[in-house]
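First the structure, in the form of structure tokens, and then the observations on it.
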Amino acid sequence: MLKDFREFVMRGNVLDLAIAVIMGVAFGAIVTSMVNDIVMPPIGLVLGHVDFKDLFISLNGQSYPTLAAAKTAAAPIIAYGQFLNTIINFLIVAFVIFMVVRQASRLQRKAAPAPAAPTTKDCRFCCSAIPLAATRCPHCTSQLASSEVAGR
């Protein structure tokens, strides 16, 4: 059983999937940092020095100066600012994946190879495939005319 498990794990597709998951997690961390540290600060500046991470609605009717203060007080809140950051993260990841898949599709699209020259022809008597150079059909033994020999 251990041998079977080892063979299963060492299959190429399982290893490829594991590598893809690890790379996805690392890429997600990069995108999260980009959104939180690069994209959102200028947007917050344009919108009047707002930090989206700290946007929330208190459900108990009390006012809290920050999200951290509301969480410390164990107040029920809707942290819609963090939700906005998550949506932006998703959109960036989806766009990057779209661009990668699009580029991969372009690289995989190659001109179709020219069809190979035919090596057989059909016997006009029995319709069987025979070599181009045949002078007699091996299936029905019909004699082929000289104009039919070698595609002439």
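Within each chain, counting starts at residue 1; across the structure tokens, chains are named A, B, ... in the order shown, with ligands numbered 1 upward in that order.
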DSSP on the backbone, then: every residue of stretch 51-87 of chain A marked strand (DSSP E), written as a PDB file with C-alpha atoms, in the first residue's frame.
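File written: result-v4.pdb
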ATOM      1  CA  ILE A  57     -20.190  49.672   9.954  1.00  0.00           C
ATOM      2  CA  SER A  58     -20.953  49.031  13.592  1.00  0.00           C
ATOM      3  CA  ILE A  77     -19.330  44.973  12.622  1.00  0.00           C
ATOM      4  CA  ILE A  78     -19.433  44.719   8.854  1.00  0.00           C
TER       5      ILE A  78
END
Original post:
Near A:Phe52, counting only C-alpha atoms, which residues have an atom at most 8 Å away, once you skip same-chain residues fewer than 5 positions from it, shown as a ChimeraX atom specification?
Top reply: /A:40,44,81-82,84-85
Atoms to include: N, CA and C atoms. Write the selected residues as an mmCIF file, in the first residue's frame.
data_model
loop_
_atom_site.group_PDB
_atom_site.id
_atom_site.type_symbol
_atom_site.label_atom_id
_atom_site.label_comp_id
_atom_site.auth_asym_id
_atom_site.auth_seq_id
_atom_site.Cartn_x
_atom_site.Cartn_y
_atom_site.Cartn_z
ATOM 1 N N MET A 40 -4.241 50.692 -3.188
ATOM 2 C CA MET A 40 -5.244 51.335 -2.346
ATOM 3 C C MET A 40 -4.802 52.673 -1.743
ATOM 4 N N GLY A 44 -7.214 55.854 -1.847
ATOM 5 C CA GLY A 44 -7.647 56.462 -0.593
ATOM 6 C C GLY A 44 -7.290 57.933 -0.524
ATOM 7 N N GLY A 81 -14.620 47.533 4.117
ATOM 8 C CA GLY A 81 -13.348 47.989 3.541
ATOM 9 C C GLY A 81 -12.439 46.810 3.212
ATOM 10 N N GLN A 82 -12.371 45.855 4.108
ATOM 11 C CA GLN A 82 -11.577 44.659 3.841
ATOM 12 C C GLN A 82 -12.188 43.868 2.691
ATOM 13 N N LEU A 84 -13.801 45.200 0.144
ATOM 14 C CA LEU A 84 -13.391 45.911 -1.075
ATOM 15 C C LEU A 84 -11.960 45.534 -1.476
ATOM 16 N N ASN A 85 -11.063 45.468 -0.499
ATOM 17 C CA ASN A 85 -9.681 45.055 -0.793
ATOM 18 C C ASN A 85 -9.649 43.642 -1.380
#
Original post:
If we count only C-alpha atoms, what is near stretch 41-43 of chain A at a cut-off of 12 Å, once residues fewer than 5 positions away on the same chain are taken out, given as a ChimeraX atom specification?
Top reply: /A:33-36,48-53,84-85,88
Take the selection from the previous step and output its residues with N, CA and C atoms, as a CSV table (one decimal), in the first residue's frame.
chain,number,residue,atom,x,y,z
A,33,SER,N,-0.3,42.2,-1.2
A,33,SER,CA,0.6,43.2,-0.8
A,33,SER,C,0.5,44.4,-1.8
A,34,MET,N,0.4,44.1,-3.1
A,34,MET,CA,0.3,45.1,-4.1
A,34,MET,C,-0.9,45.9,-3.9
A,35,VAL,N,-2.0,45.3,-3.7
A,35,VAL,CA,-3.3,46.0,-3.5
A,35,VAL,C,-3.2,46.8,-2.2
A,36,ASN,N,-2.8,46.2,-1.1
A,36,ASN,CA,-2.8,46.9,0.2
A,36,ASN,C,-1.8,48.1,0.2
A,48,GLY,N,-10.0,61.3,-0.3
A,48,GLY,CA,-10.0,62.1,0.9
A,48,GLY,C,-9.3,61.4,2.1
A,49,HIS,N,-8.1,60.8,1.9
A,49,HIS,CA,-7.3,60.2,3.0
A,49,HIS,C,-8.1,59.1,3.7
A,50,VAL,N,-8.7,58.3,2.9
A,50,VAL,CA,-9.5,57.1,3.4
A,50,VAL,C,-8.6,55.9,3.3
A,51,ASP,N,-8.5,55.1,4.4
A,51,ASP,CA,-7.8,53.8,4.3
A,51,ASP,C,-8.9,52.8,4.2
A,52,PHE,N,-9.1,52.1,3.1
A,52,PHE,CA,-10.1,51.2,2.9
A,52,PHE,C,-10.2,50.0,3.9
A,53,LYS,N,-9.0,49.6,4.4
A,53,LYS,CA,-9.0,48.5,5.4
A,53,LYS,C,-9.7,48.9,6.6
A,84,LEU,N,-13.8,45.2,0.1
A,84,LEU,CA,-13.4,45.9,-1.1
A,84,LEU,C,-12.0,45.5,-1.5
A,85,ASN,N,-11.1,45.5,-0.5
A,85,ASN,CA,-9.7,45.1,-0.8
A,85,ASN,C,-9.6,43.6,-1.4
A,88,ILE,N,-10.8,43.7,-5.0
A,88,ILE,CA,-9.7,44.2,-5.9
A,88,ILE,C,-8.6,43.2,-6.0
**OP:** Could you check how far atom CA of A:Phe5 sits from atom CA of A:Met23, in Å to one decimal?
**Re:**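 We find that atom CA of A:Phe5 and atom CA of A:Met23 lie 23.9 Å from each other.
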**OP:** DSSP on the backbone, then: every residue of chain A marked alpha helix (DSSP H), written as a VMD selection string.
**Re:** chain A and resid 2 to 9 12 to 34 40 to 46 67 to 72 80 to 108
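The interatomic distance for the pair atom CA of A:Ile38 and atom CA of A:Ile87 works out to 15.3 Å.
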